[in-house]
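> Let me give you the structure first, and then I'll get to my questions.
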Amino acid sequence: MTKEEFSKIVQSIPHEPGCYKYYDKQQEMLYVGKAKDLRKRVSSYFNKNLDNFKTRKLVSLIYAVDFTVTGSEHDAFLLENSLIKHYQPRFNIVLKDDKSYPYIVIKKEPFPRVFFTRRLIRDGSEYIGPFTGLGRVRELLELIKQNIPLRTCNLNLTPANISKGKFKVCLEYHLGNCKGPCEGFQNEDNYKENLQLVRHILKGNISDVIRNLKTEMNGYATELKFEKAQIIKKKIEALQHYQSKSIVVNPRLANVDVACILSDENHFYVNYMMVSNGSIVHSNTLQIVKKLEEEEKDVLSLALDTLMEKYQSIAKEVIVPMPVDVANDAIKVTVPKAGDKKHLLELSIKNAEIFLQDMRKKETLLLGDAARENNMLILEELQESLQLSEIPVHIECFDNSNFQGSYPVSAMVCFRNGLPANKEYRHYHIKTVEGINDFASMSEVVYRRYKRLMDEKDPLPQLVIIDGGKGQLSAAEESIEKLGLTGRMTLIGLAKREESIFFPGDKEPIQLPFDSPAHLLIRRVRDEVHRFGITFHRQIRSKGTFKNELEEIPGIGDKTATELLQAFRSVKNIKGLTERELTKVVGAAKARVVWYHFNPKTPNP
């Protein structure tokens with residue numbers, strides 16, 4: 001559909017919230033989206049210069065536009081989710097998970113068995129999970145076996161078979177692992193009570209099981225059956241030990257779900273955790289391929305809705321890093337600032353970061369295998385594509401990072417023979433530039449890097465990639481000229497959005513084929529410098545945030561602030577200390593200054 005064709009139908013689209021649907025000539029749904037104002041949102045596809053090539057491709061295929069008006073933006077979100085799941089349009093993000101995760105099943109049968117499975121059979125049985133690790137499933141099943149007597153045989157324990165005396169108890173009965181329902185030694189009501197305890201354990205409600213066992217233990221003690229009471233006591237201790245290992249925050253925290261999202265150039269990474277009584281019951285991280293220019297909050301909303309349904313969540317609250325829509329209006333959405341909930345969110349982010357790094361390592365290994373086999377072919381293709389005088393066996397790439405003008409840093413990564421040379425990566429604190437000035441920052445770090453290589457007489461790279469447009473590239477070129485290195489290495493700039501390549505002085509960029517090995521290698525280098533720089537920048541910001549609050553105290557410098565944080569972990573802890581406790585770490589004089597700063601109106605203890 002062209003702009004002229006769209007102009008004929010634009011007046012029919014209302015300024016109302018709702019969902020819009022794009023179709024191709026075969027009436028196949030291409031894309032569904034939600035909007036607060038349908039006309040403005042749909043018009044943006046046809047009236048703006050689109051940077052994303054996938055979005056341009058979508059617009060080129062649109063033949064028809066349809067829309068559905070809803071009562072609110074939230075209703076539009078619900079309808080969008082429903083349409084995406086039903087039609088799975090090719091340009092929408094669709095959450096797919098081909099892994100066969102383990103479940104624990106409570107089988108639908110007389111005196112149900114409890115066991116591990118990877119197959120979900122719609123036979124009325126109760127499936128709890130999925131679990132992301134087989135190790136956790138085995139640990140839970142072993143905990144159940146040691147504390148709750150259940151049958152493990154596959155006998156058909158119908159009332160008729162039991163009454164006919166067809167079965168005899170086995171060794172499990174004599175070991176105390178089963179109460180012998182096969183011979184009628186245990187009735188179904190008592191067995192169902194045990195199954196309810198199993199459900200509590202599997203859903204993280206260990207406290208309920210411990211409370212039940214304590215009642216049973218006290219009953220045996222009252223009857224003077226001390227041996228049986230001792231057996232129950234050991235079970236309670238085992239459960240308490242398991243509970244203490246799994247608790248990550250306050251055990252009084254009710255059932256909550258936690259989710260976060262990270263992203264790189266090509267993927268989103270969503271971590272989801274179910275927490276019950278302070279323990280993580282489930283944790284899973286998804287890698288989601290980017291389709292168009294989706295916003296993180298929209299992707300997180302879709303993923304959260306899908307994962308809560310998959311894991312049969314009963315949480316009344318979700319903890320997330322940003323406000324998101326959820327399908328159930330009764331669920332509270334919390335963006336924590338501090339406390340146990342903030343700790344849980346940080347743990348979710350850490351899991352997502354570890355998953356992202358693991359995926360990068362796998363990509364590196366795959367690229368490494370290809371490089372070992374076709375190493376020179378890829379580099380020769382890059383040489384030919386960029387018209388380099390030498391094969392770029394040594395490549396370096398620079399990127400800047402700052403946060404509202406604070407903590408400006410830069411990063412440099414090095415690739416040799418097409419593979420990361422991690423030991424040669426470098427971080428840079430910006431020393432001569434104040435505020436936001438990417439050009440001056442780039443000039444400084446490039447000068448420092450190659451001045452040092454010259455002083456140490458180390459070899460120079462054949463190719464230097466500057467992550468940015470013409471401005472950053474010109475700044476880097478000035479530093480190369482100052483050092484007298486012009487012509488001894490090739491500089492290129494990589495535009496962030498279009499992934500176009502600029503050479504110094506050229507007005508027009510060049511565009512390598514998107515899926516060519518040479519282009520993939522350049523993108524790999526660029527993504528790696530992003531990861532390396534962002535990780536460093538987060539560390540600097542985190543340290544700076546804590547230290548600044550302490551260093552604002554007159555008479556307290558960097559060294560004292562560091563000593564206090566190392567000893568007491570956080571400013572919150574420091575505020576609650578007595579002057580005597582502070583003195584043990586920083587001495588009487590500085591302890592008095594810190595204590596009076598946080599307790600100006602309180603008498604000195």
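Letters for chains follow the order of the structure tokens (A, B, ...), residue numbers begin at 1 for each chain, and ligand numbers begin at 1 in the order shown.
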Can you pull out every residue within 7 Å of stretch 65-76 of chain A, counting only C-alpha atoms, but drop anything in the same chain fewer than 4 positions away, and send it as a list in words?
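The residues that qualify are Glu16, Pro17, Gly18, Cys19, Tyr20, Lys21, Tyr22, Tyr23, Lys34, Ala35, Lys36, Glu80 and Asp325 of chain A.
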> Which residues come within 10 Å of stretch 569-576 of chain A, counting only C-alpha atoms, excluding same-chain residues fewer than 2 positions away, as JSON, numbers by chain?
{"A": [546, 547, 549, 550, 561, 562, 563, 564, 565, 566, 567, 578, 579, 581, 582, 594, 595, 597, 598, 599]}
> Please, what distance in Å, to one decimal, runs between atom CA of A:Val446 and atom CA of A:Met376?
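That distance, rounded to one decimal, is 27.3 Å.
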> DSSP on the backbone, then: every residue of stretch 476-542 of chain A marked strand (DSSP E or B), written as an mmCIF file with all heavy atoms, in the first residue's frame.

data_model
loop_
_atom_site.group_PDB
_atom_site.id
_atom_site.type_symbol
_atom_site.label_atom_id
_atom_site.label_comp_id
_atom_site.auth_asym_id
_atom_site.auth_seq_id
_atom_site.Cartn_x
_atom_site.Cartn_y
_atom_site.Cartn_z
ATOM 1 N N THR A 490 42.972 1.456 8.897
ATOM 2 C CA THR A 490 41.737 1.936 8.274
ATOM 3 C C THR A 490 40.688 2.193 9.348
ATOM 4 O O THR A 490 40.422 1.328 10.182
ATOM 5 C CB THR A 490 41.198 0.903 7.263
ATOM 6 O OG1 THR A 490 42.164 0.725 6.232
ATOM 7 C CG2 THR A 490 39.893 1.386 6.659
ATOM 8 N N LEU A 491 40.099 3.397 9.326
ATOM 9 C CA LEU A 491 39.023 3.762 10.240
ATOM 10 C C LEU A 491 37.694 3.705 9.502
ATOM 11 O O LEU A 491 37.587 4.179 8.362
ATOM 12 C CB LEU A 491 39.223 5.188 10.780
ATOM 13 C CG LEU A 491 39.816 5.338 12.185
ATOM 14 C CD1 LEU A 491 41.254 4.854 12.180
ATOM 15 C CD2 LEU A 491 39.712 6.783 12.646
ATOM 16 N N ILE A 492 36.691 3.143 10.148
ATOM 17 C CA ILE A 492 35.328 3.199 9.609
ATOM 18 C C ILE A 492 34.381 3.535 10.747
ATOM 19 O O ILE A 492 34.641 3.223 11.908
ATOM 20 C CB ILE A 492 34.886 1.880 8.928
ATOM 21 C CG1 ILE A 492 34.876 0.721 9.938
ATOM 22 C CG2 ILE A 492 35.745 1.569 7.726
ATOM 23 C CD1 ILE A 492 34.232 -0.552 9.388
ATOM 24 N N GLY A 493 33.259 4.191 10.418
ATOM 25 C CA GLY A 493 32.197 4.457 11.387
ATOM 26 C C GLY A 493 31.003 3.590 11.074
ATOM 27 O O GLY A 493 30.672 3.376 9.900
ATOM 28 N N LEU A 494 30.364 3.059 12.128
ATOM 29 C CA LEU A 494 29.205 2.188 11.947
ATOM 30 C C LEU A 494 27.984 2.883 12.521
ATOM 31 O O LEU A 494 27.866 3.052 13.732
ATOM 32 C CB LEU A 494 29.437 0.843 12.652
ATOM 33 C CG LEU A 494 28.383 -0.248 12.427
ATOM 34 C CD1 LEU A 494 28.308 -0.628 10.949
ATOM 35 C CD2 LEU A 494 28.687 -1.470 13.270
ATOM 36 N N ILE A 501 28.086 1.820 6.792
ATOM 37 C CA ILE A 501 29.510 1.983 7.075
ATOM 38 C C ILE A 501 30.017 3.258 6.405
ATOM 39 O O ILE A 501 29.839 3.461 5.196
ATOM 40 C CB ILE A 501 30.299 0.757 6.573
ATOM 41 C CG1 ILE A 501 29.869 -0.485 7.359
ATOM 42 C CG2 ILE A 501 31.803 0.983 6.700
ATOM 43 C CD1 ILE A 501 30.425 -1.772 6.812
ATOM 44 N N PHE A 502 30.638 4.134 7.211
ATOM 45 C CA PHE A 502 31.188 5.392 6.712
ATOM 46 C C PHE A 502 32.713 5.342 6.727
ATOM 47 O O PHE A 502 33.313 4.823 7.664
ATOM 48 C CB PHE A 502 30.741 6.566 7.598
ATOM 49 C CG PHE A 502 29.297 6.932 7.458
ATOM 50 C CD1 PHE A 502 28.337 6.322 8.254
ATOM 51 C CD2 PHE A 502 28.889 7.877 6.532
ATOM 52 C CE1 PHE A 502 27.003 6.662 8.136
ATOM 53 C CE2 PHE A 502 27.559 8.221 6.399
ATOM 54 C CZ PHE A 502 26.611 7.609 7.208
ATOM 55 N N ILE A 510 28.440 3.031 2.672
ATOM 56 C CA ILE A 510 28.244 1.792 1.931
ATOM 57 C C ILE A 510 27.428 0.844 2.804
ATOM 58 O O ILE A 510 27.429 0.937 4.021
ATOM 59 C CB ILE A 510 29.587 1.137 1.522
ATOM 60 C CG1 ILE A 510 30.352 0.646 2.763
ATOM 61 C CG2 ILE A 510 30.433 2.083 0.727
ATOM 62 C CD1 ILE A 510 31.543 -0.231 2.418
#
> Report, in Å with one decimal, the straight-line distance from atom CA of A:Ile104 to atom CA of A:Asn154.
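Rounded to one decimal, the two atoms are 16.3 Å apart.
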> Which polymer residues have any atom within 8 Å of an atom of A:Lys233, counting only C-alpha atoms, with same-chain residues fewer than 3 positions away left out, as a PDB file with C-alpha atoms, in the first residue's frame?

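Wrote it out as part20.pdb, contents follow:
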ATOM      1  CA  LYS A 214       4.543 -30.528  64.131  1.00  0.00           C
ATOM      2  CA  MET A 217       4.701 -34.944  66.305  1.00  0.00           C
ATOM      3  CA  ALA A 229       7.737 -38.408  67.458  1.00  0.00           C
ATOM      4  CA  GLN A 230      11.508 -38.532  66.883  1.00  0.00           C
ATOM      5  CA  ILE A 236      10.746 -31.432  60.160  1.00  0.00           C
ATOM      6  CA  GLU A 237      14.477 -30.695  60.428  1.00  0.00           C
TER       7      GLU A 237
END
